[in-house]
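Student: Structure file data.pdb (PDB, C-alpha atoms) is given on the next line.
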ATOM      1  CA  MET V   1    -124.051 -57.755   0.993
ATOM      2  CA  SER V   2    -121.937 -56.698   3.974
ATOM      3  CA  ARG V   3    -123.712 -56.162   7.261
ATOM      4  CA  ALA V   4    -123.729 -52.595   8.494
ATOM      5  CA  MET V   5    -121.373 -51.513  11.259
ATOM      6  CA  THR V   6    -123.598 -49.382  13.476
ATOM      7  CA  TRP V   7    -121.259 -48.177  16.230
ATOM      8  CA  VAL V   8    -117.617 -47.945  17.263
ATOM      9  CA  GLU V   9    -116.395 -46.842  20.687
ATOM     10  CA  ALA V  10    -112.878 -46.900  22.105
ATOM     11  CA  HIS V  11    -112.258 -48.256  25.585
ATOM     12  CA  PRO V  12    -111.178 -45.424  27.942
ATOM     13  CA  THR V  13    -108.038 -47.169  29.252
ATOM     14  CA  GLU V  14    -107.207 -50.119  26.964
ATOM     15  CA  ASP V  15    -106.455 -50.617  23.265
ATOM     16  CA  LEU V  16    -109.898 -52.057  22.620
ATOM     17  CA  LEU V  17    -112.823 -51.129  20.391
ATOM     18  CA  ALA V  18    -116.453 -52.123  20.832
ATOM     19  CA  ILE V  19    -118.066 -52.467  17.402
ATOM     20  CA  GLY V  20    -121.830 -52.868  16.984
ATOM     21  CA  THR V  21    -123.645 -54.347  13.978
ATOM     22  CA  GLU V  22    -127.102 -54.303  12.442
ATOM     23  CA  ASP V  23    -127.713 -57.982  13.274
ATOM     24  CA  GLY V  24    -127.144 -57.596  17.009
ATOM     25  CA  GLU V  25    -123.532 -58.681  17.344
ATOM     26  CA  VAL V  26    -120.996 -56.616  19.270
ATOM     27  CA  MET V  27    -117.334 -57.397  18.670
ATOM     28  CA  LEU V  28    -114.547 -56.431  21.027
ATOM     29  CA  TRP V  29    -111.608 -55.763  18.720
ATOM     30  CA  GLY V  30    -108.000 -55.106  19.677
ATOM     31  CA  ARG V  31    -104.482 -56.279  19.002
ATOM     32  CA  GLY V  32    -104.824 -59.903  18.041
ATOM     33  CA  GLY V  33    -108.200 -59.409  16.355
ATOM     34  CA  VAL V  34    -111.674 -60.173  17.683
ATOM     35  CA  ARG V  35    -111.280 -60.869  21.386
ATOM     36  CA  GLN V  36    -114.935 -61.550  22.067
ATOM     37  CA  ARG V  37    -118.316 -61.654  20.332
ATOM     38  CA  LEU V  38    -121.443 -60.632  22.240
ATOM     39  CA  SER V  39    -124.715 -61.740  20.652
ATOM     40  CA  HIS V  40    -128.015 -59.858  20.802
ATOM     41  CA  GLU V  41    -131.313 -60.082  18.970
ATOM     42  CA  SER V  42    -131.712 -56.760  17.162
ATOM     43  CA  PHE V  43    -130.016 -53.729  15.616
ATOM     44  CA  VAL V  44    -127.322 -52.287  17.925
ATOM     45  CA  VAL V  45    -128.076 -48.586  18.331
ATOM     46  CA  ASN V  46    -124.971 -47.849  20.370
ATOM     47  CA  VAL V  47    -122.405 -49.350  22.720
ATOM     48  CA  ARG V  48    -121.165 -47.434  25.746
ATOM     49  CA  TRP V  49    -118.124 -48.023  27.947
ATOM     50  CA  SER V  50    -118.407 -46.670  31.468
ATOM     51  CA  PRO V  51    -115.869 -43.907  32.213
ATOM     52  CA  ASP V  52    -113.638 -46.349  34.123
ATOM     53  CA  GLY V  53    -113.992 -49.085  31.488
ATOM     54  CA  GLN V  54    -115.362 -51.603  33.984
ATOM     55  CA  ARG V  55    -118.840 -51.780  32.446
ATOM     56  CA  LEU V  56    -120.142 -52.030  28.903
ATOM     57  CA  VAL V  57    -123.758 -51.328  27.959
ATOM     58  CA  VAL V  58    -125.206 -52.510  24.660
ATOM     59  CA  ALA V  59    -128.385 -50.724  23.538
ATOM     60  CA  GLU V  60    -130.663 -52.416  21.014
ATOM     61  CA  GLN V  61    -133.172 -50.564  18.887
ATOM     62  CA  CYS V  62    -135.953 -52.831  20.194
ATOM     63  CA  GLY V  63    -135.553 -51.139  23.604
ATOM     64  CA  ARG V  64    -133.298 -53.618  25.397
ATOM     65  CA  LEU V  65    -130.174 -52.807  27.421
ATOM     66  CA  SER V  66    -127.523 -55.421  28.241
ATOM     67  CA  LEU V  67    -124.848 -54.830  30.888
ATOM     68  CA  TYR V  68    -121.415 -56.506  30.754
ATOM     69  CA  ASP V  69    -118.487 -56.520  33.149
ATOM     70  CA  ALA V  70    -114.865 -55.836  32.193
ATOM     71  CA  GLY V  71    -114.333 -59.467  31.226
ATOM     72  CA  GLY V  72    -117.263 -59.518  28.823
ATOM     73  CA  GLY V  73    -119.589 -61.405  31.154
ATOM     74  CA  ARG V  74    -123.240 -60.445  30.879
ATOM     75  CA  ARG V  75    -124.496 -59.184  34.236
ATOM     76  CA  ALA V  76    -128.020 -58.015  33.410
ATOM     77  CA  THR V  77    -130.551 -57.405  30.658
ATOM     78  CA  ILE V  78    -133.549 -55.103  30.947
ATOM     79  CA  GLU V  79    -136.412 -53.933  28.752
ATOM     80  CA  THR V  80    -136.531 -50.140  28.927
ATOM     81  CA  GLY V  81    -140.094 -49.790  27.682
ATOM     82  CA  HIS V  82    -139.085 -47.212  25.050
ATOM     83  CA  GLU V  83    -140.507 -49.373  22.256
ATOM     84  CA  THR V  84    -137.858 -47.939  19.922
ATOM     85  CA  LEU V  85    -134.622 -46.885  21.642
ATOM     86  CA  TYR V  86    -132.502 -44.123  20.082
ATOM     87  CA  GLY V  87    -130.070 -42.603  22.561
ATOM     88  CA  THR V  88    -128.029 -43.604  25.611
ATOM     89  CA  ALA V  89    -125.227 -42.119  27.711
ATOM     90  CA  PHE V  90    -123.293 -42.670  30.926
ATOM     91  CA  HIS V  91    -123.072 -40.017  33.611
ATOM     92  CA  GLY V  92    -119.490 -38.871  34.214
ATOM     93  CA  SER V  93    -119.376 -40.818  37.480
ATOM     94  CA  GLY V  94    -120.378 -44.050  35.753
ATOM     95  CA  ALA V  95    -123.095 -44.610  38.364
ATOM     96  CA  TRP V  96    -125.988 -43.476  36.171
ATOM     97  CA  PHE V  97    -127.087 -44.325  32.666
ATOM     98  CA  VAL V  98    -129.800 -42.631  30.613
ATOM     99  CA  SER V  99    -131.856 -44.049  27.773
ATOM    100  CA  GLY V 100    -134.344 -42.309  25.502
ATOM    101  CA  GLY V 101    -136.710 -43.310  22.735
ATOM    102  CA  VAL V 102    -140.218 -43.248  21.336
ATOM    103  CA  VAL V 103    -142.143 -44.230  24.481
ATOM    104  CA  GLY V 104    -141.452 -42.997  28.006
ATOM    105  CA  LYS V 105    -139.394 -39.975  27.008
ATOM    106  CA  ALA V 106    -136.268 -40.712  29.114
ATOM    107  CA  ARG V 107    -135.300 -43.059  31.928
ATOM    108  CA  VAL V 108    -132.263 -42.799  34.181
ATOM    109  CA  TRP V 109    -130.874 -46.038  35.583
ATOM    110  CA  HIS V 110    -128.576 -46.688  38.522
ATOM    111  CA  VAL V 111    -125.848 -49.002  37.228
ATOM    112  CA  LYS V 112    -123.761 -51.362  39.294
ATOM    113  CA  ASP V 113    -124.252 -55.091  38.738
ATOM    114  CA  SER V 114    -127.688 -54.493  37.253
ATOM    115  CA  PHE V 115    -130.035 -51.710  36.141
ATOM    116  CA  VAL V 116    -132.320 -50.113  38.718
ATOM    117  CA  GLU V 117    -134.572 -47.304  37.511
ATOM    118  CA  ALA V 118    -133.726 -44.129  39.411
ATOM    119  CA  TYR V 119    -136.174 -41.707  37.799
ATOM    120  CA  CYS V 120    -137.925 -40.975  34.529
ATOM    121  CA  ILE V 121    -139.241 -37.914  32.715
ATOM    122  CA  PRO V 122    -142.529 -39.058  31.208
ATOM    123  CA  ALA V 123    -144.642 -37.271  28.626
ATOM    124  CA  ALA V 124    -147.561 -39.004  26.985
ATOM    125  CA  LYS V 125    -147.528 -37.030  23.730
ATOM    126  CA  ALA V 126    -143.939 -35.751  23.587
ATOM    127  CA  PRO V 127    -141.917 -36.269  20.397
ATOM    128  CA  ALA V 128    -139.452 -39.134  20.403
ATOM    129  CA  VAL V 129    -136.200 -38.579  22.298
ATOM    130  CA  ARG V 130    -133.409 -38.990  19.759
ATOM    131  CA  ALA V 131    -130.348 -38.015  21.840
ATOM    132  CA  VAL V 132    -129.494 -37.911  25.538
ATOM    133  CA  GLY V 133    -126.568 -36.910  27.732
ATOM    134  CA  PHE V 134    -125.367 -35.442  31.012
ATOM    135  CA  ALA V 135    -123.719 -32.047  31.472
ATOM    136  CA  GLY V 136    -122.450 -32.564  34.997
ATOM    137  CA  ASP V 137    -125.618 -33.539  36.885
ATOM    138  CA  THR V 138    -127.905 -31.853  34.349
ATOM    139  CA  LEU V 139    -129.828 -34.273  32.155
ATOM    140  CA  LEU V 140    -130.120 -33.192  28.502
ATOM    141  CA  LEU V 141    -132.701 -34.500  26.049
ATOM    142  CA  GLY V 142    -132.853 -33.885  22.300
ATOM    143  CA  PHE V 143    -136.139 -34.432  20.484
ATOM    144  CA  GLU V 144    -137.445 -35.527  17.126
ATOM    145  CA  ASP V 145    -138.911 -32.039  16.558
ATOM    146  CA  GLY V 146    -135.527 -30.293  16.953
ATOM    147  CA  TYR V 147    -135.998 -29.011  20.510
ATOM    148  CA  PHE V 148    -133.952 -29.781  23.624
ATOM    149  CA  GLU V 149    -134.692 -29.822  27.352
ATOM    150  CA  ALA V 150    -132.444 -29.639  30.427
ATOM    151  CA  TRP V 151    -133.465 -31.117  33.806
ATOM    152  CA  VAL V 152    -131.842 -31.049  37.269
ATOM    153  CA  ASP V 153    -132.566 -32.512  40.720
ATOM    154  CA  GLN V 154    -133.153 -36.005  39.342
ATOM    155  CA  GLY V 155    -135.719 -34.842  36.857
ATOM    156  CA  GLN V 156    -137.711 -32.692  39.259
ATOM    157  CA  ASP V 157    -136.841 -29.287  37.803
ATOM    158  CA  TRP V 158    -136.797 -28.101  34.193
ATOM    159  CA  VAL V 159    -134.097 -25.443  33.780
ATOM    160  CA  ALA V 160    -133.818 -24.780  30.064
ATOM    161  CA  GLY V 161    -135.040 -25.766  26.636
ATOM    162  CA  GLY V 162    -135.861 -24.525  23.186
ATOM    163  CA  GLU V 163    -135.452 -25.037  19.480
ATOM    164  CA  VAL V 164    -131.906 -25.680  18.277
ATOM    165  CA  PHE V 165    -132.404 -25.897  14.511
ATOM    166  CA  GLY V 166    -135.006 -24.367  12.283
ATOM    167  CA  SER V 167    -136.209 -27.739  11.057
ATOM    168  CA  GLY V 168    -135.480 -31.446  11.341
ATOM    169  CA  PRO V 169    -134.729 -33.636  14.351
ATOM    170  CA  LEU V 170    -132.032 -33.178  16.942
ATOM    171  CA  ALA V 171    -130.175 -36.392  16.228
ATOM    172  CA  SER V 172    -127.039 -36.402  18.406
ATOM    173  CA  MET V 173    -125.176 -34.567  21.158
ATOM    174  CA  ALA V 174    -121.794 -34.520  22.886
ATOM    175  CA  MET V 175    -120.454 -32.635  25.905
ATOM    176  CA  HIS V 176    -117.180 -30.770  25.660
ATOM    177  CA  PRO V 177    -114.791 -32.454  28.142
ATOM    178  CA  GLN V 178    -113.273 -29.155  29.328
ATOM    179  CA  ARG V 179    -115.922 -26.471  28.746
ATOM    180  CA  ASP V 180    -119.532 -25.884  29.803
ATOM    181  CA  VAL V 181    -120.742 -26.546  26.275
ATOM    182  CA  VAL V 182    -122.844 -29.177  24.528
ATOM    183  CA  VAL V 183    -122.734 -29.670  20.754
ATOM    184  CA  PHE V 184    -125.976 -30.791  19.131
ATOM    185  CA  GLY V 185    -126.127 -32.522  15.761
ATOM    186  CA  GLY V 186    -129.118 -32.180  13.472
ATOM    187  CA  GLY V 187    -130.944 -34.695  11.357
ATOM    188  CA  ARG V 188    -130.320 -32.490   8.330
ATOM    189  CA  GLY V 189    -126.664 -31.796   8.821
ATOM    190  CA  SER V 190    -126.291 -28.683  10.975
ATOM    191  CA  MET V 191    -124.536 -28.558  14.366
ATOM    192  CA  ALA V 192    -124.813 -26.026  17.166
ATOM    193  CA  ALA V 193    -122.802 -25.446  20.350
ATOM    194  CA  VAL V 194    -124.900 -24.327  23.323
ATOM    195  CA  SER V 195    -123.526 -22.985  26.611
ATOM    196  CA  THR V 196    -124.760 -25.070  29.541
ATOM    197  CA  ALA V 197    -124.034 -22.126  31.865
ATOM    198  CA  ARG V 198    -126.072 -19.483  29.998
ATOM    199  CA  TRP V 199    -128.224 -21.744  27.763
ATOM    200  CA  GLU V 200    -127.486 -19.775  24.626
ATOM    201  CA  THR V 201    -125.993 -20.746  21.283
ATOM    202  CA  VAL V 202    -122.294 -19.891  21.055
ATOM    203  CA  GLU V 203    -121.447 -21.441  17.657
ATOM    204  CA  ILE V 204    -123.305 -22.979  14.751
ATOM    205  CA  TRP V 205    -122.155 -25.057  11.819
ATOM    206  CA  ARG V 206    -124.611 -25.106   8.923
ATOM    207  CA  GLY V 207    -125.216 -28.240   6.892
ATOM    208  CA  GLU V 208    -126.322 -28.621   3.326
ATOM    209  CA  PRO V 209    -129.992 -29.662   3.368
ATOM    210  CA  PRO V 210    -131.968 -31.254   1.839
ATOM    211  CA  ARG V 211    -129.217 -33.780   1.187
ATOM    212  CA  PRO V 212    -129.427 -36.691   3.684
ATOM    213  CA  ILE V 213    -126.453 -35.700   5.818
ATOM    214  CA  ALA V 214    -127.753 -36.385   9.308
ATOM    215  CA  VAL V 215    -125.142 -35.972  12.040
ATOM    216  CA  ASN V 216    -125.404 -39.451  13.555
ATOM    217  CA  GLN V 217    -122.809 -39.021  16.283
ATOM    218  CA  ILE V 218    -120.507 -36.347  17.688
ATOM    219  CA  ALA V 219    -117.449 -37.296  19.745
ATOM    220  CA  PHE V 220    -114.708 -35.209  21.352
ATOM    221  CA  ALA V 221    -111.033 -35.977  21.677
ATOM    222  CA  PRO V 222    -110.071 -36.501  25.340
ATOM    223  CA  ASP V 223    -108.395 -33.068  25.525
ATOM    224  CA  GLY V 224    -111.340 -31.305  23.881
ATOM    225  CA  GLU V 225    -109.186 -29.744  21.154
ATOM    226  CA  HIS V 226    -110.998 -31.584  18.351
ATOM    227  CA  PHE V 227    -114.325 -33.233  17.724
ATOM    228  CA  VAL V 228    -115.582 -35.493  14.971
ATOM    229  CA  ALA V 229    -119.053 -35.720  13.421
ATOM    230  CA  ALA V 230    -120.238 -38.924  11.693
ATOM    231  CA  CYS V 231    -122.639 -38.050   8.867
ATOM    232  CA  SER V 232    -124.915 -39.859   6.434
ATOM    233  CA  ASP V 233    -123.258 -38.708   3.209
ATOM    234  CA  ALA V 234    -120.292 -41.141   3.145
ATOM    235  CA  ALA V 235    -118.014 -38.862   5.166
ATOM    236  CA  ALA V 236    -117.223 -37.672   8.664
ATOM    237  CA  ARG V 237    -115.974 -34.204   9.569
ATOM    238  CA  LEU V 238    -113.063 -33.407  11.885
ATOM    239  CA  PHE V 239    -113.151 -30.001  13.596
ATOM    240  CA  ARG V 240    -110.649 -28.100  15.679
ATOM    241  CA  TRP V 241    -112.668 -26.561  18.489
ATOM    242  CA  CYS V 242    -111.870 -22.945  17.633
ATOM    243  CA  GLU V 243    -112.505 -23.327  13.886
ATOM    244  CA  SER V 244    -115.801 -23.231  12.008
ATOM    245  CA  VAL V 245    -114.702 -25.302   8.992
ATOM    246  CA  GLY V 246    -113.826 -28.966   9.374
ATOM    247  CA  SER V 247    -111.683 -31.426   7.451
ATOM    248  CA  MET V 248    -113.314 -34.242   5.509
ATOM    249  CA  LEU V 249    -112.773 -37.853   6.512
ATOM    250  CA  GLY V 250    -113.851 -39.386   3.203
ATOM    251  CA  THR V 251    -115.520 -37.852   0.153
ATOM    252  CA  PRO V 252    -119.197 -36.898   0.457
ATOM    253  CA  PHE V 253    -121.299 -38.398  -2.305
ATOM    254  CA  HIS V 254    -122.466 -34.931  -3.409
ATOM    255  CA  HIS V 255    -118.833 -33.897  -4.034
ATOM    256  CA  ARG V 256    -118.180 -36.789  -6.414
ATOM    257  CA  SER V 257    -118.211 -36.606 -10.171
ATOM    258  CA  PRO V 258    -120.327 -38.028 -11.589
ATOM    259  CA  GLN V 259    -122.556 -37.715  -8.522
ATOM    260  CA  PRO V 260    -124.066 -41.069  -7.511
ATOM    261  CA  GLU V 261    -127.504 -41.581  -6.049
ATOM    262  CA  TRP V 262    -127.532 -41.674  -2.270
ATOM    263  CA  ALA V 263    -127.644 -45.181  -0.782
ATOM    264  CA  PRO V 264    -127.802 -46.507   2.817
ATOM    265  CA  SER V 265    -124.284 -47.915   2.414
ATOM    266  CA  MET V 266    -123.049 -44.292   2.489
ATOM    267  CA  ILE V 267    -124.074 -43.801   6.121
ATOM    268  CA  VAL V 268    -121.211 -43.143   8.540
ATOM    269  CA  SER V 269    -122.983 -44.283  11.666
ATOM    270  CA  SER V 270    -120.415 -43.567  14.373
ATOM    271  CA  ALA V 271    -116.987 -42.105  15.075
ATOM    272  CA  CYS V 272    -114.613 -41.908  18.026
ATOM    273  CA  PHE V 273    -111.073 -40.919  18.966
ATOM    274  CA  ASP V 274    -108.354 -43.283  20.079
ATOM    275  CA  ARG V 275    -107.681 -42.938  23.787
ATOM    276  CA  ALA V 276    -103.983 -42.102  23.405
ATOM    277  CA  ARG V 277    -102.964 -41.730  19.740
ATOM    278  CA  PRO V 278    -103.928 -39.244  16.996
ATOM    279  CA  ARG V 279    -106.363 -41.709  15.426
ATOM    280  CA  VAL V 280    -110.067 -41.544  14.641
ATOM    281  CA  TYR V 281    -112.218 -44.633  14.013
ATOM    282  CA  THR V 282    -115.363 -44.461  11.891
ATOM    283  CA  ALA V 283    -118.082 -47.121  11.500
ATOM    284  CA  HIS V 284    -119.876 -47.469   8.169
ATOM    285  CA  PHE V 285    -123.018 -49.092   6.839
ATOM    286  CA  ASP V 286    -120.903 -50.521   3.999
ATOM    287  CA  GLY V 287    -119.545 -53.058   6.497
ATOM    288  CA  THR V 288    -116.245 -51.406   7.392
ATOM    289  CA  VAL V 289    -114.483 -49.674  10.248
ATOM    290  CA  GLN V 290    -111.966 -47.144   8.966
ATOM    291  CA  VAL V 291    -108.887 -45.788  10.743
ATOM    292  CA  TRP V 292    -107.730 -42.199  10.187
ATOM    293  CA  ASP V 293    -104.422 -40.598  11.098
ATOM    294  CA  VAL V 294    -105.285 -37.083  12.298
ATOM    295  CA  SER V 295    -101.830 -36.054  13.526
ATOM    296  CA  THR V 296    -101.464 -33.465  10.744
ATOM    297  CA  TRP V 297    -103.779 -33.506   7.727
ATOM    298  CA  PRO V 298    -106.347 -36.306   8.119
ATOM    299  CA  ARG V 299    -105.690 -39.385   6.016
ATOM    300  CA  ARG V 300    -107.156 -42.874   6.019
ATOM    301  CA  VAL V 301    -104.510 -45.440   6.861
ATOM    302  CA  LEU V 302    -106.467 -48.676   7.251
ATOM    303  CA  THR V 303    -109.846 -50.281   6.569
ATOM    304  CA  LEU V 304    -111.161 -53.173   8.651
ATOM    305  CA  ARG V 305    -113.863 -55.354   7.091
ATOM    306  CA  LEU V 306    -115.435 -57.872   9.459
ATOM    307  CA  ASP V 307    -116.984 -60.839   7.672
ATOM    308  CA  GLY V 308    -118.461 -63.612   9.788
ATOM    309  CA  ALA V 309    -115.693 -65.235  11.810
ATOM    310  CA  SER V 310    -112.896 -63.667   9.749
ATOM    311  CA  TRP V 311    -111.675 -60.196   8.907
ATOM    312  CA  GLU V 312    -109.711 -58.360   6.249
ATOM    313  CA  LEU V 313    -107.408 -55.391   6.631
ATOM    314  CA  GLN V 314    -106.518 -53.126   3.719
ATOM    315  CA  THR V 315    -104.211 -50.113   3.602
ATOM    316  CA  GLU V 316    -104.648 -47.146   1.287
ATOM    317  CA  ASP V 317    -101.651 -48.291  -0.769
ATOM    318  CA  GLY V 318    -103.333 -51.629  -1.499
ATOM    319  CA  ARG V 319    -101.734 -53.991   1.019
ATOM    320  CA  ARG V 320    -104.158 -56.636   2.285
ATOM    321  CA  GLU V 321    -104.242 -59.391   4.879
ATOM    322  CA  ARG V 322    -106.963 -61.750   6.092
ATOM    323  CA  GLY V 323    -107.177 -63.288   9.553
ATOM    324  CA  SER V 324    -104.053 -61.484  10.744
ATOM    325  CA  THR V 325    -103.510 -58.208  12.596
ATOM    326  CA  THR V 326     -99.960 -57.381  11.456
ATOM    327  CA  LEU V 327    -101.121 -54.267   9.590
ATOM    328  CA  TRP V 328    -103.232 -53.179  12.556
ATOM    329  CA  GLU V 329    -100.287 -53.442  14.907
ATOM    330  CA  GLU V 330     -98.083 -51.607  12.404
ATOM    331  CA  LEU V 331    -100.433 -48.710  11.621
ATOM    332  CA  VAL V 332    -102.575 -48.385  14.738
TER
END
Just give me the structure as structure tokens.

Tutor:
Amino acid sequence: MSRAMTWVEAHPTEDLLAIGTEDGEVMLWGRGGVRQRLSHESFVVNVRWSPDGQRLVVAEQCGRLSLYDAGGGRRATIETGHETLYGTAFHGSGAWFVSGGVVGKARVWHVKDSFVEAYCIPAAKAPAVRAVGFAGDTLLLGFEDGYFEAWVDQGQDWVAGGEVFGSGPLASMAMHPQRDVVVFGGGRGSMAAVSTARWETVEIWRGEPPRPIAVNQIAFAPDGEHFVAACSDAAARLFRWCESVGSMLGTPFHHRSPQPEWAPSMIVSSACFDRARPRVYTAHFDGTVQVWDVSTWPRRVLTLRLDGASWELQTEDGRRERGSTTLWEELV
């Protein structure tokens, strides 16, 4: 059985992807194939490039953070104390990094050549923190019970908070790169855009509960005109910012005939935009990373399957190659 691909994130300035796996490996993939393999001990929750691309942080579900430099050299490893780690994010300056999980609520780290804890927001009996992020200097936390909180002045002042969805966890979040808006993703499929200036909901996208369509990640295009949501029903959704209905990247299992039973292999764990081209990359628990052309109507152009030390590329028209990146260079 193929190992799950748990995360994909595009480098901000280079043609390079960081791909996380369930067994702790992170692969740096670009033209020429796998450039580097970074080994860890447990499930990779997410992988974050700093805004300038000079640092890479790997977050493991066991609560460990590993910091790498631009050349892939490991600079530091730290135990966050979260017990189970769920969410991480860089501040826009790249100087701060936040982690959240089951224990300790949230911790903000100063990042340079190591991690130094700057401040934390503790709560002994608070629900698990499932998603974290920064809106400017405001720290945002999303909780297992579906509520969010906003903190300023290095965690000294609470400025906003409340319930986002009627039920289910708040599972993901992303900041609009041009507007004072954060989009929250729910554990049961819904999404909501909340103004970070007025702290009120400005848009909501309803899911289809009780099907298991958790919104595992939300990512914006660099210009903010589109965003993509990676969901647990074998598909991602691509949205134009001003529109309430998105385009499917894949076919949800509940739209298939005959309808199959849901399986973990249907999880789309992560999605991101290419830094410069109209491409979206999606990571899947079926062991693949898929490439989508979103220049007009979204269409899948290539599937990358990483298998041990080798890889296979397959186009939608059936062309295949193993151990070569000719198709990647042609289509991506």

Student: Just want the 9 Å neighbourhood of segment 82-98 of chain V, counted on only C-alpha atoms, with same-chain residues fewer than 3 positions away dropped. Output as a PDB file with C-alpha atoms, keeping the file's coordinate frame.

Tutor:
ATOM      1  CA  VAL V  45    -128.076 -48.586  18.331  1.00  0.00           C
ATOM      2  CA  ASN V  46    -124.971 -47.849  20.370  1.00  0.00           C
ATOM      3  CA  VAL V  47    -122.405 -49.350  22.720  1.00  0.00           C
ATOM      4  CA  ARG V  48    -121.165 -47.434  25.746  1.00  0.00           C
ATOM      5  CA  TRP V  49    -118.124 -48.023  27.947  1.00  0.00           C
ATOM      6  CA  SER V  50    -118.407 -46.670  31.468  1.00  0.00           C
ATOM      7  CA  PRO V  51    -115.869 -43.907  32.213  1.00  0.00           C
ATOM      8  CA  ASP V  52    -113.638 -46.349  34.123  1.00  0.00           C
ATOM      9  CA  ARG V  55    -118.840 -51.780  32.446  1.00  0.00           C
ATOM     10  CA  ALA V  59    -128.385 -50.724  23.538  1.00  0.00           C
ATOM     11  CA  GLU V  60    -130.663 -52.416  21.014  1.00  0.00           C
ATOM     12  CA  GLN V  61    -133.172 -50.564  18.887  1.00  0.00           C
ATOM     13  CA  CYS V  62    -135.953 -52.831  20.194  1.00  0.00           C
ATOM     14  CA  GLY V  63    -135.553 -51.139  23.604  1.00  0.00           C
ATOM     15  CA  ARG V  64    -133.298 -53.618  25.397  1.00  0.00           C
ATOM     16  CA  GLU V  79    -136.412 -53.933  28.752  1.00  0.00           C
ATOM     17  CA  GLY V 101    -136.710 -43.310  22.735  1.00  0.00           C
ATOM     18  CA  VAL V 102    -140.218 -43.248  21.336  1.00  0.00           C
ATOM     19  CA  VAL V 103    -142.143 -44.230  24.481  1.00  0.00           C
ATOM     20  CA  GLY V 104    -141.452 -42.997  28.006  1.00  0.00           C
ATOM     21  CA  LYS V 105    -139.394 -39.975  27.008  1.00  0.00           C
ATOM     22  CA  ALA V 106    -136.268 -40.712  29.114  1.00  0.00           C
ATOM     23  CA  ARG V 107    -135.300 -43.059  31.928  1.00  0.00           C
ATOM     24  CA  VAL V 108    -132.263 -42.799  34.181  1.00  0.00           C
ATOM     25  CA  TRP V 109    -130.874 -46.038  35.583  1.00  0.00           C
ATOM     26  CA  HIS V 110    -128.576 -46.688  38.522  1.00  0.00           C
ATOM     27  CA  VAL V 111    -125.848 -49.002  37.228  1.00  0.00           C
ATOM     28  CA  LYS V 112    -123.761 -51.362  39.294  1.00  0.00           C
ATOM     29  CA  PHE V 115    -130.035 -51.710  36.141  1.00  0.00           C
ATOM     30  CA  ALA V 118    -133.726 -44.129  39.411  1.00  0.00           C
ATOM     31  CA  ALA V 128    -139.452 -39.134  20.403  1.00  0.00           C
ATOM     32  CA  VAL V 129    -136.200 -38.579  22.298  1.00  0.00           C
ATOM     33  CA  ARG V 130    -133.409 -38.990  19.759  1.00  0.00           C
ATOM     34  CA  ALA V 131    -130.348 -38.015  21.840  1.00  0.00           C
ATOM     35  CA  VAL V 132    -129.494 -37.911  25.538  1.00  0.00           C
ATOM     36  CA  GLY V 133    -126.568 -36.910  27.732  1.00  0.00           C
ATOM     37  CA  PHE V 134    -125.367 -35.442  31.012  1.00  0.00           C
ATOM     38  CA  ALA V 135    -123.719 -32.047  31.472  1.00  0.00           C
ATOM     39  CA  GLY V 136    -122.450 -32.564  34.997  1.00  0.00           C
ATOM     40  CA  ASP V 137    -125.618 -33.539  36.885  1.00  0.00           C
ATOM     41  CA  LEU V 139    -129.828 -34.273  32.155  1.00  0.00           C
ATOM     42  CA  ALA V 171    -130.175 -36.392  16.228  1.00  0.00           C
ATOM     43  CA  SER V 172    -127.039 -36.402  18.406  1.00  0.00           C
TER      44      SER V 172
END

Student: Which residue is closest to Arg275 of chain V? Choose from V:Phe220, V:Tyr119, V:Phe148, V:Trp199 and count all atoms listed in the file.

Tutor: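 Result for the nearest residue to Arg275 of chain V: V:Phe220.
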
Student: Take the point (-114.9, -28.6, 4.3) as written in the file and pick out every residue within 12 Å of it, counting all atoms listed in the file; give the list as a list in words.

Tutor: Trp205, Arg206, Gly207, Glu208, Ala235, Ala236, Arg237, Leu238, Phe239, Glu243, Ser244, Val245, Gly246, Ser247, Met248, Leu249, Gly250, Thr251, Pro252 and His255 of chain V

Student: Can you list what the PyMOL selection byres ((chain V and resi 5) around 9) grabs from this structure, as a list in words?

Tutor: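 Evaluating the PyMOL selection byres ((chain V and resi 5) around 9) on these coordinates yields Ser2, Arg3, Ala4, Thr6, Trp7, Val8, Ile19, Gly20, Thr21, Glu22, Val44, Val268, Ser269, Ser270, Ala283, His284, Phe285, Asp286, Gly287, Thr288, Val289 and Leu306 of chain V.
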
Student: Store the residues picked out above in a file with C-alpha atoms, as a short mmCIF file (atom, residue, chain, number, x, y, z; two decimals), keeping the file's coordinate frame.

Tutor:
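What ended up in result-v5.cif:
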data_model
loop_
_atom_site.label_atom_id
_atom_site.label_comp_id
_atom_site.auth_asym_id
_atom_site.auth_seq_id
_atom_site.Cartn_x
_atom_site.Cartn_y
_atom_site.Cartn_z
CA SER V 2 -121.94 -56.70 3.97
CA ARG V 3 -123.71 -56.16 7.26
CA ALA V 4 -123.73 -52.60 8.49
CA THR V 6 -123.60 -49.38 13.48
CA TRP V 7 -121.26 -48.18 16.23
CA VAL V 8 -117.62 -47.94 17.26
CA ILE V 19 -118.07 -52.47 17.40
CA GLY V 20 -121.83 -52.87 16.98
CA THR V 21 -123.64 -54.35 13.98
CA GLU V 22 -127.10 -54.30 12.44
CA VAL V 44 -127.32 -52.29 17.92
CA VAL V 268 -121.21 -43.14 8.54
CA SER V 269 -122.98 -44.28 11.67
CA SER V 270 -120.42 -43.57 14.37
CA ALA V 283 -118.08 -47.12 11.50
CA HIS V 284 -119.88 -47.47 8.17
CA PHE V 285 -123.02 -49.09 6.84
CA ASP V 286 -120.90 -50.52 4.00
CA GLY V 287 -119.54 -53.06 6.50
CA THR V 288 -116.24 -51.41 7.39
CA VAL V 289 -114.48 -49.67 10.25
CA LEU V 306 -115.44 -57.87 9.46
#
